[in-house]
$ cat my_file.txt   # compact mmCIF, C-alpha atoms
# COMPACT_ATOMS: atom_id res chain seq x y z
CA MET A 237 95.98 79.04 53.59
CA ALA A 238 97.19 82.18 55.35
CA ALA A 239 97.22 80.29 58.65
CA GLY A 240 99.31 77.55 57.04
CA LEU A 241 101.81 80.10 55.73
CA ARG A 242 102.09 81.66 59.20
CA LYS A 243 102.71 78.25 60.77
CA ARG A 244 105.38 77.42 58.18
CA GLY A 245 106.95 80.86 58.76
CA ARG A 246 107.10 80.29 62.52
CA ALA A 247 108.49 76.80 62.01
CA GLY A 248 111.13 78.14 59.65
CA ALA A 249 112.18 80.84 62.10
CA ALA A 250 112.43 78.29 64.91
CA ALA A 251 114.47 75.98 62.69
CA ARG A 252 116.87 78.80 61.77
CA ALA A 253 117.26 79.75 65.43
CA ALA A 254 117.92 76.11 66.38
CA SER A 255 120.46 75.85 63.56
CA ARG A 256 122.32 78.97 64.70
CA CYS A 257 122.33 77.70 68.28
CA GLU A 258 123.69 74.33 67.13
CA GLN A 259 126.42 76.01 65.08
CA TRP A 260 127.38 78.18 68.07
CA LEU A 261 127.58 75.17 70.36
CA GLN A 262 129.67 73.27 67.81
CA ARG A 263 132.07 76.20 67.52
CA ALA A 264 132.23 76.42 71.31
CA TRP A 265 133.08 72.70 71.51
CA GLN A 266 135.78 73.09 68.87
CA GLU A 267 137.23 76.01 70.82
CA ARG A 268 136.65 74.43 74.24
CA ARG A 269 140.15 75.28 75.35
CA LEU A 270 139.23 78.95 74.98
CA LEU A 271 135.86 78.51 76.68
CA LEU A 272 137.10 79.63 80.08
CA VAL A 273 139.31 82.50 78.93
CA GLU A 274 137.40 84.19 76.10
CA PRO A 275 134.79 86.72 77.31
CA ARG A 276 132.61 86.00 74.26
CA TYR A 277 131.61 82.74 75.95
CA THR A 278 130.30 84.53 79.04
CA LEU A 279 126.67 83.57 78.42
CA LEU A 280 127.44 79.88 77.91
CA VAL A 281 129.50 79.65 81.08
CA ALA A 282 126.92 81.75 82.92
CA ALA A 283 124.14 79.34 81.91
CA CYS A 284 126.12 76.38 83.28
CA LEU A 285 126.92 78.20 86.52
CA CYS A 286 123.32 79.30 87.04
CA LEU A 287 122.16 75.69 86.66
CA ALA A 288 124.79 74.63 89.20
CA GLU A 289 123.69 77.44 91.52
CA VAL A 290 120.13 76.12 91.54
CA GLY A 291 121.39 72.89 93.10
CA ILE A 292 123.88 74.57 95.41
CA THR A 293 121.37 77.10 96.73
CA PHE A 294 118.75 74.39 97.27
CA TRP A 295 121.34 72.30 99.15
CA VAL A 296 122.33 75.28 101.34
CA ILE A 297 118.70 75.99 102.26
CA HIS A 298 117.96 72.40 103.25
CA ARG A 299 121.29 71.38 104.77
CA VAL A 300 122.65 74.49 106.49
CA ALA A 301 120.85 75.91 109.50
CA TYR A 302 119.08 79.24 109.13
CA THR A 303 120.39 81.96 111.46
CA GLU A 304 118.03 84.61 112.77
CA ILE A 305 119.56 88.09 112.77
CA ASP A 306 117.31 90.79 111.32
CA TRP A 307 114.33 89.01 109.73
CA LYS A 308 112.08 89.18 112.82
CA ALA A 309 113.03 92.83 113.29
CA TYR A 310 112.10 93.56 109.66
CA MET A 311 108.72 91.89 110.16
CA ALA A 312 108.06 93.78 113.41
CA GLU A 313 108.89 97.07 111.71
CA VAL A 314 106.56 96.58 108.76
CA GLU A 315 103.88 95.18 111.07
CA GLY A 316 103.86 98.55 112.82
CA VAL A 317 103.07 100.21 109.48
CA ILE A 318 100.35 97.64 108.75
CA ASN A 319 98.81 98.49 112.14
CA GLY A 320 98.61 102.14 111.16
CA THR A 321 101.80 103.70 112.56
CA TYR A 322 103.34 106.11 110.02
CA ASP A 323 105.60 108.01 112.38
CA TYR A 324 109.09 106.62 111.71
CA THR A 325 110.24 107.47 115.21
CA GLN A 326 107.67 104.99 116.56
CA LEU A 327 108.61 102.07 114.30
CA GLN A 328 111.13 99.58 115.64
CA GLY A 329 111.99 95.89 115.87
CA ASP A 330 114.00 93.65 118.16
CA THR A 331 117.32 95.06 116.96
CA GLY A 332 116.39 98.74 117.15
CA PRO A 333 114.46 101.44 115.27
CA LEU A 334 113.52 101.31 111.59
CA VAL A 335 116.39 102.96 109.70
CA TYR A 336 115.56 102.10 106.07
CA PRO A 337 113.58 104.21 103.56
CA ALA A 338 110.01 103.59 102.47
CA GLY A 339 110.79 101.21 99.59
CA PHE A 340 112.06 98.72 102.15
CA VAL A 341 108.75 98.93 104.01
CA TYR A 342 106.65 98.18 100.92
CA ILE A 343 108.80 95.28 99.68
CA PHE A 344 109.08 93.61 103.07
CA MET A 345 105.40 94.24 103.70
CA GLY A 346 104.77 92.04 100.66
CA LEU A 347 107.11 89.41 102.11
CA TYR A 348 105.24 89.72 105.42
CA TYR A 349 102.01 88.62 103.77
CA VAL A 350 103.56 85.97 101.50
CA THR A 351 105.36 84.29 104.41
CA GLY A 352 102.42 84.20 106.81
CA GLN A 353 103.33 87.29 108.82
CA GLY A 354 107.00 86.36 108.59
CA THR A 355 106.61 82.94 110.22
CA ASP A 356 107.27 80.78 107.14
CA ILE A 357 111.05 81.05 107.05
CA ARG A 358 111.46 78.31 104.44
CA MET A 359 109.20 80.22 102.03
CA ALA A 360 111.26 83.36 102.63
CA GLN A 361 114.46 81.43 101.93
CA HIS A 362 113.11 80.15 98.62
CA ILE A 363 112.07 83.68 97.63
CA PHE A 364 115.57 84.92 98.41
CA ALA A 365 117.02 81.99 96.46
CA VAL A 366 115.07 83.16 93.41
CA LEU A 367 116.30 86.70 94.10
CA TYR A 368 119.87 85.36 94.20
CA LEU A 369 119.49 83.66 90.80
CA VAL A 370 117.88 86.78 89.31
CA THR A 371 120.77 88.87 90.64
CA LEU A 372 123.25 86.50 88.99
CA LEU A 373 121.42 86.76 85.66
CA LEU A 374 121.49 90.57 85.84
CA VAL A 375 125.19 90.57 86.72
CA PHE A 376 126.06 88.10 83.95
CA TRP A 377 124.21 90.22 81.42
CA ILE A 378 126.32 93.22 82.47
CA TYR A 379 129.52 91.19 82.08
CA HIS A 380 128.35 89.90 78.69
CA GLN A 381 127.88 93.46 77.42
CA THR A 382 131.25 94.67 78.70
CA CYS A 383 133.05 91.58 77.37
CA LYS A 384 136.13 92.10 79.52
CA VAL A 385 136.27 89.36 82.16
CA PRO A 386 137.41 85.80 81.34
CA PRO A 387 134.62 83.33 82.16
CA PHE A 388 136.71 81.17 84.50
CA VAL A 389 136.54 84.01 87.04
CA PHE A 390 132.78 83.59 87.35
CA PHE A 391 133.24 80.30 89.18
CA PHE A 392 134.77 82.26 92.07
CA MET A 393 131.92 84.79 91.85
CA CYS A 394 129.28 82.04 92.14
CA CYS A 395 129.93 78.65 93.60
CA ALA A 396 132.96 79.48 95.74
CA SER A 397 131.51 82.18 98.00
CA TYR A 398 129.97 80.83 101.21
CA ARG A 399 129.44 84.29 102.67
CA VAL A 400 127.27 85.55 99.80
CA HIS A 401 125.07 82.44 99.81
CA SER A 402 124.68 82.95 103.54
CA ILE A 403 123.68 86.62 103.17
CA PHE A 404 120.99 85.76 100.65
CA VAL A 405 119.36 82.55 101.88
CA LEU A 406 120.54 81.99 105.47
CA ARG A 407 120.25 85.54 106.84
CA LEU A 408 117.54 87.16 104.63
CA PHE A 409 119.04 90.65 104.79
CA ASN A 410 117.63 93.57 102.81
CA ASP A 411 121.00 94.33 101.17
CA PRO A 412 120.48 91.75 98.37
CA VAL A 413 117.13 93.33 97.48
CA ALA A 414 118.73 96.75 97.06
CA MET A 415 121.60 95.34 94.98
CA ALA A 416 119.28 93.37 92.67
CA LEU A 417 117.43 96.61 91.88
CA LEU A 418 120.76 98.37 91.39
CA PHE A 419 121.95 95.80 88.84
CA LEU A 420 118.61 96.09 87.06
CA SER A 421 119.19 99.84 86.92
CA ILE A 422 122.66 99.37 85.39
CA ASN A 423 121.25 97.03 82.74
CA LEU A 424 118.69 99.70 81.82
CA LEU A 425 121.44 102.32 81.59
CA LEU A 426 123.42 100.01 79.30
CA ALA A 427 120.30 99.72 77.12
CA GLN A 428 120.21 103.55 76.97
CA ARG A 429 116.98 103.61 78.99
CA TRP A 430 118.21 106.45 81.16
CA GLY A 431 114.85 107.45 82.60
CA TRP A 432 113.92 103.91 83.63
CA GLY A 433 117.47 103.34 84.85
CA CYS A 434 117.25 106.37 87.16
CA CYS A 435 113.83 105.19 88.35
CA CYS A 436 115.21 101.76 89.33
CA PHE A 437 118.26 103.39 90.89
CA SER A 438 116.01 105.52 93.09
CA LEU A 439 113.96 102.45 93.96
CA ALA A 440 117.16 100.69 95.06
CA VAL A 441 118.07 103.69 97.23
CA SER A 442 114.61 103.47 98.80
CA VAL A 443 115.44 99.96 100.03
CA LYS A 444 118.85 100.78 101.50
CA MET A 445 120.92 103.92 101.45
CA ASN A 446 124.21 102.20 100.54
CA VAL A 447 123.23 102.43 96.85
CA LEU A 448 124.05 106.15 97.10
CA LEU A 449 127.71 105.11 96.83
CA PHE A 450 127.01 104.66 93.10
CA ALA A 451 125.43 108.14 92.88
CA PRO A 452 128.62 110.16 92.12
CA GLY A 453 129.34 107.87 89.17
CA LEU A 454 125.75 108.12 87.96
CA LEU A 455 125.82 111.91 88.23
CA PHE A 456 129.03 112.02 86.19
CA LEU A 457 127.50 109.79 83.48
CA LEU A 458 124.32 111.89 83.31
CA LEU A 459 126.32 115.11 82.95
CA THR A 460 128.57 113.52 80.32
CA GLN A 461 125.62 112.22 78.32
CA PHE A 462 123.15 115.10 78.66
CA GLY A 463 124.82 118.13 80.24
CA LEU A 464 123.29 119.87 83.25
CA ARG A 465 120.00 120.85 81.60
CA GLY A 466 119.44 117.37 80.18
CA ALA A 467 120.44 115.65 83.43
CA LEU A 468 118.00 117.58 85.62
CA PRO A 469 114.88 115.69 84.45
CA LYS A 470 116.61 112.36 85.18
CA LEU A 471 117.62 113.58 88.64
CA GLY A 472 114.06 114.79 89.07
CA ILE A 473 112.81 111.25 88.48
CA CYS A 474 115.00 110.03 91.34
CA ALA A 475 113.80 112.78 93.69
CA VAL A 476 110.09 112.50 92.81
CA LEU A 477 110.09 108.73 93.34
CA GLN A 478 111.61 109.18 96.81
CA VAL A 479 108.91 111.71 97.69
CA VAL A 480 106.09 109.52 96.35
CA LEU A 481 107.29 106.42 98.20
CA GLY A 482 107.84 108.29 101.43
CA LEU A 483 104.71 110.46 101.23
CA PRO A 484 102.63 108.64 103.91
CA PHE A 485 105.52 108.97 106.35
CA LEU A 486 106.46 112.51 105.28
CA LEU A 487 102.93 113.69 105.92
CA GLN A 488 102.97 112.21 109.42
CA ASN A 489 106.46 113.24 110.57
CA PRO A 490 108.79 114.53 107.83
CA VAL A 491 111.75 115.21 110.14
CA GLY A 492 111.42 111.79 111.77
CA TYR A 493 111.28 110.01 108.39
CA LEU A 494 114.27 111.81 106.89
CA SER A 495 116.41 111.59 110.03
CA ARG A 496 115.77 107.86 110.45
CA SER A 497 115.78 106.57 106.86
CA PHE A 498 118.65 108.78 105.59
CA ASP A 499 120.77 109.05 108.72
CA LEU A 500 124.27 109.85 107.41
CA GLY A 501 125.65 110.18 110.92
CA ARG A 502 124.52 106.78 112.16
CA GLN A 503 126.93 105.24 114.67
CA PHE A 504 128.12 101.66 114.09
CA LEU A 505 129.14 99.17 116.77
CA PHE A 506 132.82 98.27 116.92
CA ARG A 507 132.02 94.61 117.64
CA TRP A 508 130.62 94.09 114.11
CA THR A 509 133.24 95.93 112.06
CA VAL A 510 135.02 93.91 109.39
CA ASN A 511 137.37 96.60 108.09
CA TRP A 512 138.63 98.56 111.13
CA ARG A 513 139.27 95.86 113.73
CA PHE A 514 142.96 96.87 114.08
CA LEU A 515 142.03 100.34 115.39
CA PRO A 516 141.37 101.18 119.04
CA GLU A 517 137.63 101.38 119.67
CA ALA A 518 137.91 104.98 120.86
CA LEU A 519 139.45 106.04 117.54
CA PHE A 520 136.88 104.00 115.58
CA LEU A 521 134.07 105.93 117.30
CA HIS A 522 135.76 109.35 117.15
CA ARG A 523 134.05 112.01 115.03
CA ALA A 524 137.37 113.27 113.64
CA PHE A 525 138.12 109.82 112.19
CA HIS A 526 134.76 109.84 110.40
CA LEU A 527 135.48 113.28 108.94
CA VAL A 528 138.91 112.17 107.71
CA LEU A 529 137.34 109.19 105.93
CA LEU A 530 134.70 111.41 104.36
CA ALA A 531 137.34 113.88 103.16
CA ALA A 532 139.46 111.08 101.68
CA HIS A 533 136.38 109.64 99.97
CA LEU A 534 135.45 112.96 98.36
CA ILE A 535 139.03 113.78 97.33
CA LEU A 536 139.54 110.43 95.64
CA LEU A 537 136.19 110.69 93.84
CA PHE A 538 137.21 114.12 92.55
CA LEU A 539 140.61 112.85 91.40
CA PHE A 540 139.05 109.92 89.52
CA ALA A 541 136.45 112.21 87.93
CA LEU A 542 139.13 114.72 86.92
CA CYS A 543 141.93 112.38 85.81
CA ARG A 544 140.36 109.03 84.94
CA TRP A 545 136.75 109.54 83.91
CA HIS A 546 137.00 112.94 82.18
CA ARG A 547 139.66 112.71 79.47
CA THR A 548 138.38 114.95 76.65
CA GLY A 549 140.91 117.77 77.03
CA GLU A 550 138.30 120.25 78.26
CA GLY A 551 137.83 121.38 81.84
CA ILE A 552 135.62 119.38 84.17
CA LEU A 553 133.07 122.22 84.12
CA SER A 554 132.46 121.53 80.43
CA LEU A 555 130.24 118.68 81.62
CA LEU A 556 127.66 121.30 82.59
CA LYS A 557 127.31 122.42 78.97
CA ASP A 558 124.96 120.92 76.45
CA PRO A 559 126.94 118.12 74.70
CA SER A 560 126.42 119.73 71.29
CA LYS A 561 128.08 122.95 72.48
CA ARG A 562 131.28 121.36 73.80
CA LYS A 563 134.56 121.82 71.97
CA VAL A 564 135.13 118.06 71.71
CA PRO A 565 132.34 116.37 69.72
CA PRO A 566 130.18 114.22 72.03
CA GLN A 567 130.76 110.48 71.87
CA PRO A 568 128.19 107.85 72.90
CA LEU A 569 129.01 106.24 76.21
CA THR A 570 130.26 102.68 75.84
CA PRO A 571 129.20 99.84 78.17
CA ASN A 572 132.64 99.82 79.76
CA GLN A 573 132.53 103.55 80.45
CA ILE A 574 129.18 103.20 82.19
CA VAL A 575 130.08 100.10 84.21
CA SER A 576 133.61 101.15 85.16
CA THR A 577 132.45 104.58 86.36
CA LEU A 578 129.62 103.16 88.48
CA PHE A 579 131.63 100.26 89.91
CA THR A 580 134.63 102.47 90.70
CA SER A 581 132.44 105.08 92.38
CA ASN A 582 130.94 102.42 94.64
CA PHE A 583 134.30 100.80 95.36
CA ILE A 584 135.86 104.08 96.48
CA GLY A 585 132.98 104.48 98.92
CA ILE A 586 133.54 100.94 100.22
CA CYS A 587 137.23 101.64 100.80
CA PHE A 588 136.49 104.63 103.00
CA SER A 589 133.39 103.35 104.80
CA ARG A 590 133.23 104.10 108.52
CA SER A 591 132.41 100.46 109.07
CA LEU A 592 131.62 97.37 107.02
CA HIS A 593 129.38 94.67 108.50
CA TYR A 594 129.26 91.13 107.17
CA GLN A 595 126.10 91.60 105.11
CA PHE A 596 127.70 94.60 103.38
CA TYR A 597 129.85 92.19 101.35
CA VAL A 598 127.15 92.09 98.66
CA TRP A 599 127.56 95.84 98.16
CA TYR A 600 130.56 95.15 95.94
CA PHE A 601 131.11 91.40 95.74
CA HIS A 602 129.71 90.99 92.21
CA THR A 603 131.71 93.98 90.95
CA LEU A 604 135.12 92.66 92.03
CA PRO A 605 135.82 90.55 88.90
CA TYR A 606 135.23 93.57 86.72
CA LEU A 607 137.38 95.86 88.86
CA LEU A 608 140.23 93.35 88.78
CA TRP A 609 140.06 92.14 85.17
CA ALA A 610 138.51 94.89 83.05
CA MET A 611 141.30 97.47 83.47
CA PRO A 612 144.27 95.47 84.80
CA ALA A 613 147.72 96.92 85.27
CA ARG A 614 150.45 94.86 83.59
CA TRP A 615 152.05 93.85 86.87
CA LEU A 616 148.80 92.32 88.13
CA THR A 617 148.84 88.78 86.75
CA HIS A 618 145.89 86.38 86.74
CA LEU A 619 147.39 84.58 89.73
CA LEU A 620 147.75 87.80 91.74
CA ARG A 621 144.20 88.83 90.92
CA LEU A 622 142.89 85.47 92.07
CA LEU A 623 144.97 85.83 95.23
CA VAL A 624 143.35 89.23 95.90
CA LEU A 625 139.88 87.69 95.40
CA GLY A 626 140.76 84.84 97.74
CA LEU A 627 142.09 87.13 100.47
CA ILE A 628 138.99 89.32 100.27
CA GLU A 629 136.76 86.25 100.60
CA LEU A 630 138.85 84.99 103.52
CA SER A 631 138.64 88.37 105.26
CA TRP A 632 134.86 88.43 104.99
CA ASN A 633 134.59 84.84 106.22
CA THR A 634 136.69 85.46 109.35
CA TYR A 635 134.29 85.74 112.28
CA PRO A 636 134.80 87.57 114.46
CA SER A 637 137.09 89.78 112.45
CA THR A 638 140.68 90.18 113.59
CA SER A 639 143.34 92.82 113.15
CA CYS A 640 144.97 90.63 110.50
CA SER A 641 141.77 90.03 108.54
CA SER A 642 140.94 93.75 108.54
CA ALA A 643 144.47 94.68 107.49
CA ALA A 644 144.40 92.09 104.69
CA LEU A 645 141.11 93.50 103.45
CA HIS A 646 142.55 97.02 103.30
CA MET A 647 145.67 95.79 101.48
CA CYS A 648 143.50 94.08 98.86
CA HIS A 649 141.42 97.22 98.46
CA ALA A 650 144.60 99.26 98.05
CA VAL A 651 145.83 96.91 95.30
CA ILE A 652 142.54 97.26 93.42
CA LEU A 653 142.54 101.04 93.80
CA LEU A 654 146.12 101.25 92.56
CA GLN A 655 145.44 99.19 89.47
CA LEU A 656 142.27 101.20 88.76
CA TRP A 657 144.41 104.32 88.82
CA VAL A 658 147.36 103.10 86.75
CA GLY A 659 145.60 100.56 84.52
CA PRO A 660 144.29 101.23 80.99
CA GLN A 661 141.49 103.77 80.79
CA PRO A 662 138.03 102.55 79.75
CA PHE A 663 137.41 105.41 77.35
CA PRO A 664 137.46 104.73 73.59
CA LYS A 665 140.40 105.93 71.54
CA SER A 666 138.15 108.07 69.38
CA ILE A 667 137.86 110.54 72.25
CA GLN A 668 141.61 110.81 72.42
CA HIS A 669 141.76 111.31 68.63
CA SER A 670 139.15 114.04 68.89
CA LYS A 671 141.30 115.76 71.49
CA LYS A 672 144.36 115.65 69.24
CA ALA A 673 142.39 116.87 66.24
CA HIS A 674 141.07 119.78 68.22
$ encode --input "my_file.txt" --output "structure tokens"
Amino acid sequence: MAAGLRKRGRAGAAARAASRCEQWLQRAWQERRLLLVEPRYTLLVAACLCLAEVGITFWVIHRVAYTEIDWKAYMAEVEGVINGTYDYTQLQGDTGPLVYPAGFVYIFMGLYYVTGQGTDIRMAQHIFAVLYLVTLLLVFWIYHQTCKVPPFVFFFMCCASYRVHSIFVLRLFNDPVAMALLFLSINLLLAQRWGWGCCCFSLAVSVKMNVLLFAPGLLFLLLTQFGLRGALPKLGICAVLQVVLGLPFLLQNPVGYLSRSFDLGRQFLFRWTVNWRFLPEALFLHRAFHLVLLAAHLILLFLFALCRWHRTGEGILSLLKDPSKRKVPPQPLTPNQIVSTLFTSNFIGICFSRSLHYQFYVWYFHTLPYLLWAMPARWLTHLLRLLVLGLIELSWNTYPSTSCSSAALHMCHAVILLQLWVGPQPFPKSIQHSKKAH
């Protein structure tokens, strides 16, 4: 009898869920004209686009030729570790020495075994196709929680980008792996799982160092949420994970591991630059130019932290205090505060990068709709925003890059930066009311 009641209970719950789903679909059909412009329909549009992406990605794998760039080098590098070499200065592939942290080694070591020592390219492509779909699901879940971007924009984020499909399934770069872990980290932060979010963030950094461009935003959020004392354990998670992952290599040659995997002074080749093609090569390689970019990067981060992210009326140093001891009562961070701070932090780093190579497009591609639509200035119409997206895509698809394509990319970045600065702030009005009350 009890078993029968449980079965009827499960059947009733399933029926209620099916009924709610049917009602939602009926309402969506009745409001179909709003389907592409109302953010509340993000999940429905996302489901349709993900289904379309399955077919598109499968078609790309089987109809477009694979291009070998770094995959064989990745396999040679991890093969050296498999053979017992833990000195980073002795690990290299066809394209040069191993320059990625230990997380990269472990993940691509797994791919080495799954793909028959890296020889089964088709298997690797299908794995990266799954990774691409998982990345889309993580990104769509972020956009669903922020509820800011009209769903029609997602078509341009999915089906219309040849370059991103190429980076994932035709080139097999490690950048998509790092970004998938980063988006998982952001989803955990949005779920208020700060410890797990920091753990996944550190794991993403261990695959490729570009994820550190999000670090200033993450640090600001941790200080805002917990103060200095509360943020230290979360930062400790990030540091301990890096030590644990790199331990075999640190024990063998600590200086070699740190200098190779976290080489902040690495020199890039002018022939591959996407963003600085209009400069003379001598200036592109000059140390002073790199220092100017670094200074501009840090100054703009500070200005955004001071004027855009921190709007409570207290000094920026109040972030070091315990939240309960601040003059303005602490407010829970909203999804848009978290996402806008992280995405803006990364975008500022992109704008002032010493060089951007073609695979670096995935560092910020999936964040562009949010940056353009979540906090738009009034003068930036839908048409202008789409034009900016189109010009960015065109710039990244111009090979080899030209002075015009690089200049167009910088102009688009400048437009986005300007509207991030002058557009509506992502902070809730309650913070402003608290400031006035105080």
$ residues_near_point --input "my_file.txt" --point "(128.2, 83.9, 87.7)" --cutoff "7 Å" --atoms "only C-alpha atoms" --output "ChimeraX atom specification"
/A:282,285-286,372,376,390-391,393-394
$ closest_residue --input "my_file.txt" --among "A:Ala531, A:Val335, A:Val375, A:Val413" --to "Phe588 (chain A)" --atoms "only C-alpha atoms"
A:Ala531
$ residues_around --input "my_file.txt" --residues "region 601-615 of chain A" --least-positions-apart "3" --cutoff "9 Å" --atoms "all atoms listed in the file" --output "VMD selection string"
chain A and resid 372 375 379 382 to 386 389 to 390 392 to 394 400 572 575 to 576 579 to 580 583 596 to 598 618 620 to 622 624 to 625 652 to 662
$ closest_residue --input "my_file.txt" --among "A:Phe485, A:His593, A:Val564, A:Asn511" --to "His546 (chain A)" --atoms "all atoms listed in the file"
A:Val564
$ atom_distance --input "my_file.txt" --atom1 "CA of Ser637 (chain A)" --atom2 "CA of His533 (chain A)"
23.5 Å
$ closest_residue --input "my_file.txt" --among "A:Cys436, A:His298, A:Leu500, A:Ala643" --to "Phe514 (chain A)" --atoms "all atoms listed in the file"
A:Ala643
$ atom_distance --input "my_file.txt" --atom1 "CA of Gly329 (chain A)" --atom2 "CA of Ser438 (chain A)"
25.1 Å
$ atom_distance --input "my_file.txt" --atom1 "CA of Gly501 (chain A)" --atom2 "CA of Phe525 (chain A)"
12.5 Å
$ decode --input "my_file.txt" --residues "region 317-371 of chain A" --atoms "C-alpha atoms" --output "CSV table (one decimal), in the first residue's frame"
chain,number,residue,atom,x,y,z
A,317,VAL,CA,55.6,14.2,-18.2
A,318,ILE,CA,54.2,10.7,-18.8
A,319,ASN,CA,57.8,9.6,-19.5
A,320,GLY,CA,58.9,11.0,-16.2
A,321,THR,CA,60.2,14.5,-16.9
A,322,TYR,CA,59.0,16.9,-14.2
A,323,ASP,CA,61.4,19.7,-14.9
A,324,TYR,CA,59.4,22.3,-16.8
A,325,THR,CA,62.5,23.7,-18.6
A,326,GLN,CA,62.9,20.3,-20.3
A,327,LEU,CA,59.3,20.0,-21.5
A,328,GLN,CA,58.5,21.2,-25.0
A,329,GLY,CA,56.6,20.5,-28.2
A,330,ASP,CA,56.9,21.3,-31.9
A,331,THR,CA,55.9,25.0,-31.3
A,332,GLY,CA,58.2,25.6,-28.3
A,333,PRO,CA,58.5,25.0,-24.6
A,334,LEU,CA,55.6,24.2,-22.3
A,335,VAL,CA,54.2,27.5,-21.0
A,336,TYR,CA,51.0,26.5,-19.3
A,337,PRO,CA,50.4,25.6,-15.6
A,338,ALA,CA,50.0,22.1,-14.2
A,339,GLY,CA,46.2,21.9,-14.6
A,340,PHE,CA,46.7,21.9,-18.4
A,341,VAL,CA,49.1,19.0,-18.1
A,342,TYR,CA,46.6,16.8,-16.2
A,343,ILE,CA,43.6,17.6,-18.4
A,344,PHE,CA,45.5,17.1,-21.7
A,345,MET,CA,47.2,14.0,-20.3
A,346,GLY,CA,43.7,12.6,-20.0
A,347,LEU,CA,43.0,13.6,-23.6
A,348,TYR,CA,46.3,12.0,-24.5
A,349,TYR,CA,45.1,8.6,-23.3
A,350,VAL,CA,41.5,8.9,-24.5
A,351,THR,CA,42.6,9.8,-28.1
A,352,GLY,CA,45.2,7.1,-28.5
A,353,GLN,CA,48.2,9.1,-27.6
A,354,GLY,CA,46.7,12.1,-29.5
A,355,THR,CA,46.4,10.3,-32.8
A,356,ASP,CA,42.6,10.1,-32.9
A,357,ILE,CA,41.8,13.6,-34.0
A,358,ARG,CA,38.2,12.9,-34.7
A,359,MET,CA,37.7,11.7,-31.1
A,360,ALA,CA,39.3,14.8,-29.8
A,361,GLN,CA,37.0,17.0,-32.0
A,362,HIS,CA,33.9,15.3,-30.6
A,363,ILE,CA,35.2,15.8,-27.1
A,364,PHE,CA,35.7,19.5,-27.8
A,365,ALA,CA,32.2,19.6,-29.4
A,366,VAL,CA,30.8,18.4,-26.1
A,367,LEU,CA,32.9,21.0,-24.3
A,368,TYR,CA,31.5,23.6,-26.6
A,369,LEU,CA,27.9,22.7,-25.8
A,370,VAL,CA,28.7,22.5,-22.1
A,371,THR,CA,30.2,26.0,-22.3
